[in-house]
Amino acid sequence: MSRQHTLIRGVRVDPLKVALLGCGSVGTQVARLLSTHAEELAQRVGAPLELTGIAVRTLEADRGPDIDPSLLTTDAPELVKRADLVIELIGGIEPARTLILQALAGGASVVTGNKALLAEHGPQLYEAAERGGVELYYEAAVAGAIPLLRPIRESLAGDRVRRVLGIVNGTTNYVLDKMDTAGLDFSAAVAQAQSLGYAEADPTADVEGYDAAAKAAILASLAFHTRVHAADVHREGITQVSAGDVASAKQIGAVVKLLAICERTVAADGAEGVSVRVHPAMIPASHPLASVRGAFNAVFVEAEAAGELMFYGQGAGGLPTASAVLGDLVSAARNRVGGSRGPGESTYAQLPLRPMGEVITRYHISLDVADRPGVLASVAKVIAEHGVSIETVRQQQIESEVGEGRASLVVVTHAATEAALEATVSALAGLEIVTAVVGVMRVEGED
């Protein structure tokens, strides 16, 4: 990329120096787009963007024709020291955190896609950006190419967000989609996702919900002007989702999705709070999120004035994520040229975080019971004793060659607190007529 001054609307303008940390699939596409779209980006920013170096772990790896080898360096701190703008795509906590703090302290604005770092150390990074008089952007940290964080932070700044409900992990959505549409079991669906590059060799972060929990923390922090860390998020993955769960969902006209749910809550005394959770749930087939297939992401936002909004698109991949990175880079560069700053961290509300036991939800409970008179009445009595009411119930005889007959009993409850529903399931498991609690899954959507 040229290091010479460039004419922007007839004026000679010095370039802004850009340091790129990391050269994986996203970093490679960022470097390529900075080169191929250089003239357009310069006009949009008001100054040329000069990629001055790319920090990598090793210089020997083959990075293809899109990367100029002369830009590569293993000295990331030195590269950051000379930059006006820093793009961090290393991932993980260290050395990413140290390098970002160095950049912010040195007067460079930072663009990052590091969800884990933001979910654990976001406040520290925001404070460093404030002290340095620079900016921190991270649109690529949640839902890849989907413009999501900026609309929540800026477009809805005059509104009150009530709820954010989303599919924010493409790997798990692909796995659950294949279990639903192709009849694959969990292991086979994960293997297929790995073969297509949607899942890592070790898919733990995805299938156990860690990735989605970090994203949920970021979404909740923005939506509710409250600091939320990854550790504050109730997290359950999809490893226990069975073919039977998927089949049961179909029987009630629903599908199973791993959902990130961030809600503004109101207690009985009127006090507001926030609940943030990630777990698999059944949602009605009529819900917009139910039709999100494959590795795509979608987020459903409910706000008081704007109503219901849905953001949909590719949630991962080198090129889509690079689009989000470049969008942030242009914003940070424009502000630097214009001498302005975008919005920083907003935590004025600092609403209390509600425990999972206070969350209002519904349960789909599958029981293996004795096939004899009075079973349904006994089950209904236990459910009522815990302050829970039944929405639907379905009983089907199970063929048995010996002994007492058995039946499958499926109950879908009305909305109740998580604590009451958990206690209900525990009590049902202790009934003499209940052979086994076959499955329990939350049901989200209209009650």
# chains A, B, ... in the order shown; residues from 1 in each chain; ligands from 1
>>> residues_around(residues="A:Gln124", least_positions_apart="6", cutoff="10 Å", atoms="only C-alpha atoms", output="list of chain:residue names")
A:Arg97, A:Leu101, A:Leu118, A:Glu130
>>> closest_atom_pairs(of="stretch 204-291 of chain A", to="stretch 384-400 of chain A", cutoff="12 Å", atoms="only C-alpha atoms", output="CSV")
residue,atom,partner,partner_atom,distance
A:Ser248,CA,A:Arg394,CA,11.0
A:Gln251,CA,A:Arg394,CA,10.1
A:Ile252,CA,A:Thr392,CA,9.5
>>> write_last_selection(atoms="N, CA and C atoms", output="PDB file, in the first residue's frame")
ATOM      1  N   SER A 248     -39.643 -34.566  20.332  1.00  0.00           N
ATOM      2  CA  SER A 248     -40.688 -34.032  21.205  1.00  0.00           C
ATOM      3  C   SER A 248     -41.045 -32.604  20.833  1.00  0.00           C
ATOM      4  N   GLN A 251     -43.399 -32.559  17.956  1.00  0.00           N
ATOM      5  CA  GLN A 251     -44.753 -32.976  18.315  1.00  0.00           C
ATOM      6  C   GLN A 251     -45.590 -31.818  18.847  1.00  0.00           C
ATOM      7  N   ILE A 252     -44.947 -30.795  19.382  1.00  0.00           N
ATOM      8  CA  ILE A 252     -45.703 -29.637  19.868  1.00  0.00           C
ATOM      9  C   ILE A 252     -45.535 -28.439  18.924  1.00  0.00           C
TER      10      ILE A 252
END
>>> closest_atom_pairs(of="stretch 140-247 of chain A", to="stretch 267-274 of chain A", cutoff="10 Å", atoms="only C-alpha atoms", output="CSV")
residue,atom,partner,partner_atom,distance
A:Arg162,CA,A:Val274,CA,9.6
A:Arg163,CA,A:Val274,CA,9.6
A:Ala220,CA,A:Val274,CA,8.1
A:Ser221,CA,A:Val274,CA,9.8
A:Phe224,CA,A:Val274,CA,7.6
A:Thr226,CA,A:Val274,CA,8.5
A:Val228,CA,A:Val274,CA,9.3
>>> write_last_selection(atoms="N, CA, C and O atoms", output="short mmCIF file (atom, residue, chain, number, x, y, z; two decimals), in the first residue's frame")
data_model
loop_
_atom_site.label_atom_id
_atom_site.label_comp_id
_atom_site.auth_asym_id
_atom_site.auth_seq_id
_atom_site.Cartn_x
_atom_site.Cartn_y
_atom_site.Cartn_z
N ARG A 162 -36.25 -4.07 26.00
CA ARG A 162 -36.84 -4.98 26.98
C ARG A 162 -36.20 -6.36 26.97
O ARG A 162 -36.01 -6.97 28.00
N ARG A 163 -35.87 -6.81 25.75
CA ARG A 163 -35.42 -8.20 25.64
C ARG A 163 -34.56 -8.37 24.40
O ARG A 163 -34.82 -7.77 23.36
N ALA A 220 -26.06 -7.91 26.68
CA ALA A 220 -26.78 -7.41 27.85
C ALA A 220 -26.17 -6.11 28.36
O ALA A 220 -26.89 -5.19 28.77
N SER A 221 -24.85 -6.02 28.35
CA SER A 221 -24.18 -4.80 28.80
C SER A 221 -24.62 -3.60 27.98
O SER A 221 -24.90 -2.52 28.53
N PHE A 224 -28.79 -2.93 28.29
CA PHE A 224 -29.35 -2.49 29.56
C PHE A 224 -28.46 -1.53 30.34
O PHE A 224 -28.73 -1.24 31.51
N THR A 226 -25.62 -1.78 31.72
CA THR A 226 -25.25 -2.46 32.96
C THR A 226 -24.06 -3.36 32.68
O THR A 226 -24.06 -4.08 31.67
N VAL A 228 -22.14 -6.49 32.59
CA VAL A 228 -22.41 -7.91 32.71
C VAL A 228 -21.17 -8.67 32.25
O VAL A 228 -20.67 -8.43 31.14
#
>>> residues_around(residues="A:Thr52", least_positions_apart="5", cutoff="10 Å", atoms="only C-alpha atoms", output="PyMOL selection string")
chain A and resi 1+3+16-20+70-72+79-80+82-83
>>> select_by_dssp(residues="stretch 187-331 of chain A", states="helix (DSSP H, G or I)", output="ChimeraX atom specification")
/A:187-195,204-207,210-224,230-232,243-251,288-291,318-331
>>> closest_residue(among="A:Gly318, A:Val292, A:Val301, A:Thr361", to="A:Ser25", atoms="only C-alpha atoms")
A:Gly318
>>> closest_atom_pairs(of="stretch 264-355 of chain A", to="stretch 103-113 of chain A", cutoff="12 Å", atoms="only C-alpha atoms", output="Markdown table")
| residue | atom | partner | partner_atom | distance |
| --- | --- | --- | --- | --- |
| A:Ala316 | CA | A:Gly113 | CA | 11.0 |
| A:Gly318 | CA | A:Gly113 | CA | 11.7 |
| A:Thr321 | CA | A:Gly113 | CA | 8.4 |
| A:Ala322 | CA | A:Gly113 | CA | 9.5 |
| A:Ser323 | CA | A:Gly113 | CA | 11.5 |
| A:Ala324 | CA | A:Gly113 | CA | 8.9 |
| A:Val325 | CA | A:Val111 | CA | 6.8 |
| A:Leu326 | CA | A:Val111 | CA | 8.8 |
| A:Gly327 | CA | A:Val111 | CA | 9.6 |
| A:Asp328 | CA | A:Val111 | CA | 6.4 |
| A:Leu329 | CA | A:Val111 | CA | 6.3 |
| A:Val330 | CA | A:Val111 | CA | 10.0 |
| A:Ser331 | CA | A:Val111 | CA | 9.8 |
| A:Ala332 | CA | A:Ser109 | CA | 6.6 |
| A:Ala333 | CA | A:Ser109 | CA | 8.3 |
| A:Arg334 | CA | A:Ser109 | CA | 11.2 |
| A:Asn335 | CA | A:Ser109 | CA | 9.8 |
| A:Arg336 | CA | A:Ser109 | CA | 8.4 |
| A:Val337 | CA | A:Ser109 | CA | 11.9 |
| A:Ser340 | CA | A:Ser109 | CA | 11.9 |
| A:Arg341 | CA | A:Ser109 | CA | 10.0 |
| A:Gly342 | CA | A:Ser109 | CA | 11.0 |
| A:Gly344 | CA | A:Ser109 | CA | 11.9 |
>>> write_last_selection(atoms="N, CA, C and O atoms", output="PDB file, in the first residue's frame")
ATOM      1  N   ALA A 316     -20.344 -15.932  11.206  1.00  0.00           N
ATOM      2  CA  ALA A 316     -18.927 -16.291  11.293  1.00  0.00           C
ATOM      3  C   ALA A 316     -18.359 -16.355   9.880  1.00  0.00           C
ATOM      4  O   ALA A 316     -19.038 -16.091   8.904  1.00  0.00           O
ATOM      5  N   GLY A 318     -14.376 -15.894   7.561  1.00  0.00           N
ATOM      6  CA  GLY A 318     -13.361 -14.866   7.375  1.00  0.00           C
ATOM      7  C   GLY A 318     -13.874 -13.607   6.722  1.00  0.00           C
ATOM      8  O   GLY A 318     -13.701 -12.497   7.247  1.00  0.00           O
ATOM      9  N   THR A 321     -16.899 -11.677   8.704  1.00  0.00           N
ATOM     10  CA  THR A 321     -16.404 -11.022   9.915  1.00  0.00           C
ATOM     11  C   THR A 321     -15.489  -9.859   9.568  1.00  0.00           C
ATOM     12  O   THR A 321     -15.484  -8.831  10.249  1.00  0.00           O
ATOM     13  N   ALA A 322     -14.722 -10.014   8.499  1.00  0.00           N
ATOM     14  CA  ALA A 322     -13.858  -8.912   8.052  1.00  0.00           C
ATOM     15  C   ALA A 322     -14.685  -7.687   7.688  1.00  0.00           C
ATOM     16  O   ALA A 322     -14.251  -6.545   7.878  1.00  0.00           O
ATOM     17  N   SER A 323     -15.878  -7.901   7.162  1.00  0.00           N
ATOM     18  CA  SER A 323     -16.762  -6.781   6.840  1.00  0.00           C
ATOM     19  C   SER A 323     -17.083  -5.968   8.086  1.00  0.00           C
ATOM     20  O   SER A 323     -17.052  -4.724   8.065  1.00  0.00           O
ATOM     21  N   ALA A 324     -17.384  -6.655   9.198  1.00  0.00           N
ATOM     22  CA  ALA A 324     -17.674  -5.953  10.443  1.00  0.00           C
ATOM     23  C   ALA A 324     -16.441  -5.218  10.964  1.00  0.00           C
ATOM     24  O   ALA A 324     -16.533  -4.092  11.462  1.00  0.00           O
ATOM     25  N   VAL A 325     -15.279  -5.846  10.845  1.00  0.00           N
ATOM     26  CA  VAL A 325     -14.026  -5.216  11.286  1.00  0.00           C
ATOM     27  C   VAL A 325     -13.761  -3.944  10.495  1.00  0.00           C
ATOM     28  O   VAL A 325     -13.440  -2.892  11.069  1.00  0.00           O
ATOM     29  N   LEU A 326     -13.910  -4.021   9.179  1.00  0.00           N
ATOM     30  CA  LEU A 326     -13.656  -2.837   8.344  1.00  0.00           C
ATOM     31  C   LEU A 326     -14.657  -1.729   8.624  1.00  0.00           C
ATOM     32  O   LEU A 326     -14.314  -0.544   8.576  1.00  0.00           O
ATOM     33  N   GLY A 327     -15.907  -2.103   8.923  1.00  0.00           N
ATOM     34  CA  GLY A 327     -16.888  -1.086   9.269  1.00  0.00           C
ATOM     35  C   GLY A 327     -16.481  -0.309  10.508  1.00  0.00           C
ATOM     36  O   GLY A 327     -16.577   0.924  10.555  1.00  0.00           O
ATOM     37  N   ASP A 328     -16.010  -1.038  11.524  1.00  0.00           N
ATOM     38  CA  ASP A 328     -15.529  -0.380  12.737  1.00  0.00           C
ATOM     39  C   ASP A 328     -14.293   0.462  12.464  1.00  0.00           C
ATOM     40  O   ASP A 328     -14.129   1.561  13.011  1.00  0.00           O
ATOM     41  N   LEU A 329     -13.396  -0.070  11.638  1.00  0.00           N
ATOM     42  CA  LEU A 329     -12.164   0.662  11.325  1.00  0.00           C
ATOM     43  C   LEU A 329     -12.475   1.994  10.660  1.00  0.00           C
ATOM     44  O   LEU A 329     -11.882   3.024  10.995  1.00  0.00           O
ATOM     45  N   VAL A 330     -13.413   1.987   9.723  1.00  0.00           N
ATOM     46  CA  VAL A 330     -13.790   3.227   9.050  1.00  0.00           C
ATOM     47  C   VAL A 330     -14.367   4.227  10.054  1.00  0.00           C
ATOM     48  O   VAL A 330     -14.048   5.422  10.027  1.00  0.00           O
ATOM     49  N   SER A 331     -15.212   3.756  10.967  1.00  0.00           N
ATOM     50  CA  SER A 331     -15.796   4.654  11.971  1.00  0.00           C
ATOM     51  C   SER A 331     -14.716   5.260  12.859  1.00  0.00           C
ATOM     52  O   SER A 331     -14.702   6.478  13.111  1.00  0.00           O
ATOM     53  N   ALA A 332     -13.798   4.422  13.346  1.00  0.00           N
ATOM     54  CA  ALA A 332     -12.724   4.917  14.213  1.00  0.00           C
ATOM     55  C   ALA A 332     -11.824   5.898  13.465  1.00  0.00           C
ATOM     56  O   ALA A 332     -11.402   6.925  14.019  1.00  0.00           O
ATOM     57  N   ALA A 333     -11.534   5.577  12.205  1.00  0.00           N
ATOM     58  CA  ALA A 333     -10.662   6.455  11.412  1.00  0.00           C
ATOM     59  C   ALA A 333     -11.341   7.786  11.104  1.00  0.00           C
ATOM     60  O   ALA A 333     -10.710   8.855  11.176  1.00  0.00           O
ATOM     61  N   ARG A 334     -12.622   7.752  10.750  1.00  0.00           N
ATOM     62  CA  ARG A 334     -13.362   8.996  10.496  1.00  0.00           C
ATOM     63  C   ARG A 334     -13.335   9.904  11.728  1.00  0.00           C
ATOM     64  O   ARG A 334     -13.125  11.128  11.611  1.00  0.00           O
ATOM     65  N   ASN A 335     -13.572   9.312  12.883  1.00  0.00           N
ATOM     66  CA  ASN A 335     -13.582  10.121  14.097  1.00  0.00           C
ATOM     67  C   ASN A 335     -12.221  10.718  14.379  1.00  0.00           C
ATOM     68  O   ASN A 335     -12.111  11.855  14.850  1.00  0.00           O
ATOM     69  N   ARG A 336     -11.185   9.965  14.085  1.00  0.00           N
ATOM     70  CA  ARG A 336      -9.828  10.490  14.298  1.00  0.00           C
ATOM     71  C   ARG A 336      -9.556  11.661  13.361  1.00  0.00           C
ATOM     72  O   ARG A 336      -9.002  12.679  13.778  1.00  0.00           O
ATOM     73  N   VAL A 337      -9.947  11.522  12.109  1.00  0.00           N
ATOM     74  CA  VAL A 337      -9.756  12.600  11.137  1.00  0.00           C
ATOM     75  C   VAL A 337     -10.571  13.830  11.535  1.00  0.00           C
ATOM     76  O   VAL A 337     -10.111  14.977  11.428  1.00  0.00           O
ATOM     77  N   SER A 340     -13.357  13.786  16.539  1.00  0.00           N
ATOM     78  CA  SER A 340     -14.505  13.479  17.384  1.00  0.00           C
ATOM     79  C   SER A 340     -14.364  12.073  17.970  1.00  0.00           C
ATOM     80  O   SER A 340     -13.438  11.337  17.626  1.00  0.00           O
ATOM     81  N   ARG A 341     -15.299  11.716  18.844  1.00  0.00           N
ATOM     82  CA  ARG A 341     -15.297  10.379  19.421  1.00  0.00           C
ATOM     83  C   ARG A 341     -16.714   9.835  19.448  1.00  0.00           C
ATOM     84  O   ARG A 341     -17.671  10.573  19.670  1.00  0.00           O
ATOM     85  N   GLY A 342     -16.818   8.544  19.226  1.00  0.00           N
ATOM     86  CA  GLY A 342     -18.110   7.882  19.315  1.00  0.00           C
ATOM     87  C   GLY A 342     -18.453   7.584  20.758  1.00  0.00           C
ATOM     88  O   GLY A 342     -17.703   7.913  21.681  1.00  0.00           O
ATOM     89  N   GLY A 344     -18.865   5.839  24.309  1.00  0.00           N
ATOM     90  CA  GLY A 344     -18.069   4.895  25.083  1.00  0.00           C
ATOM     91  C   GLY A 344     -18.970   3.967  25.878  1.00  0.00           C
ATOM     92  O   GLY A 344     -20.131   3.742  25.525  1.00  0.00           O
TER      93      GLY A 344
END
>>> residues_around(residues="stretch 371-382 of chain A", least_positions_apart="5", cutoff="8 Å", atoms="only C-alpha atoms", output="JSON, numbers by chain")
{"A": [390, 397, 404, 405, 406, 407, 424, 427, 428, 433]}
>>> residues_around(residues="A:Ile146", least_positions_apart="4", cutoff="9 Å", atoms="only C-alpha atoms", output="PyMOL selection string")
chain A and resi 139-140+142+297-298+311-315+320-321+324
>>> atom_distance(atom1="atom CA of A:Asp75", atom2="atom CA of A:Gly92")
18.0 Å
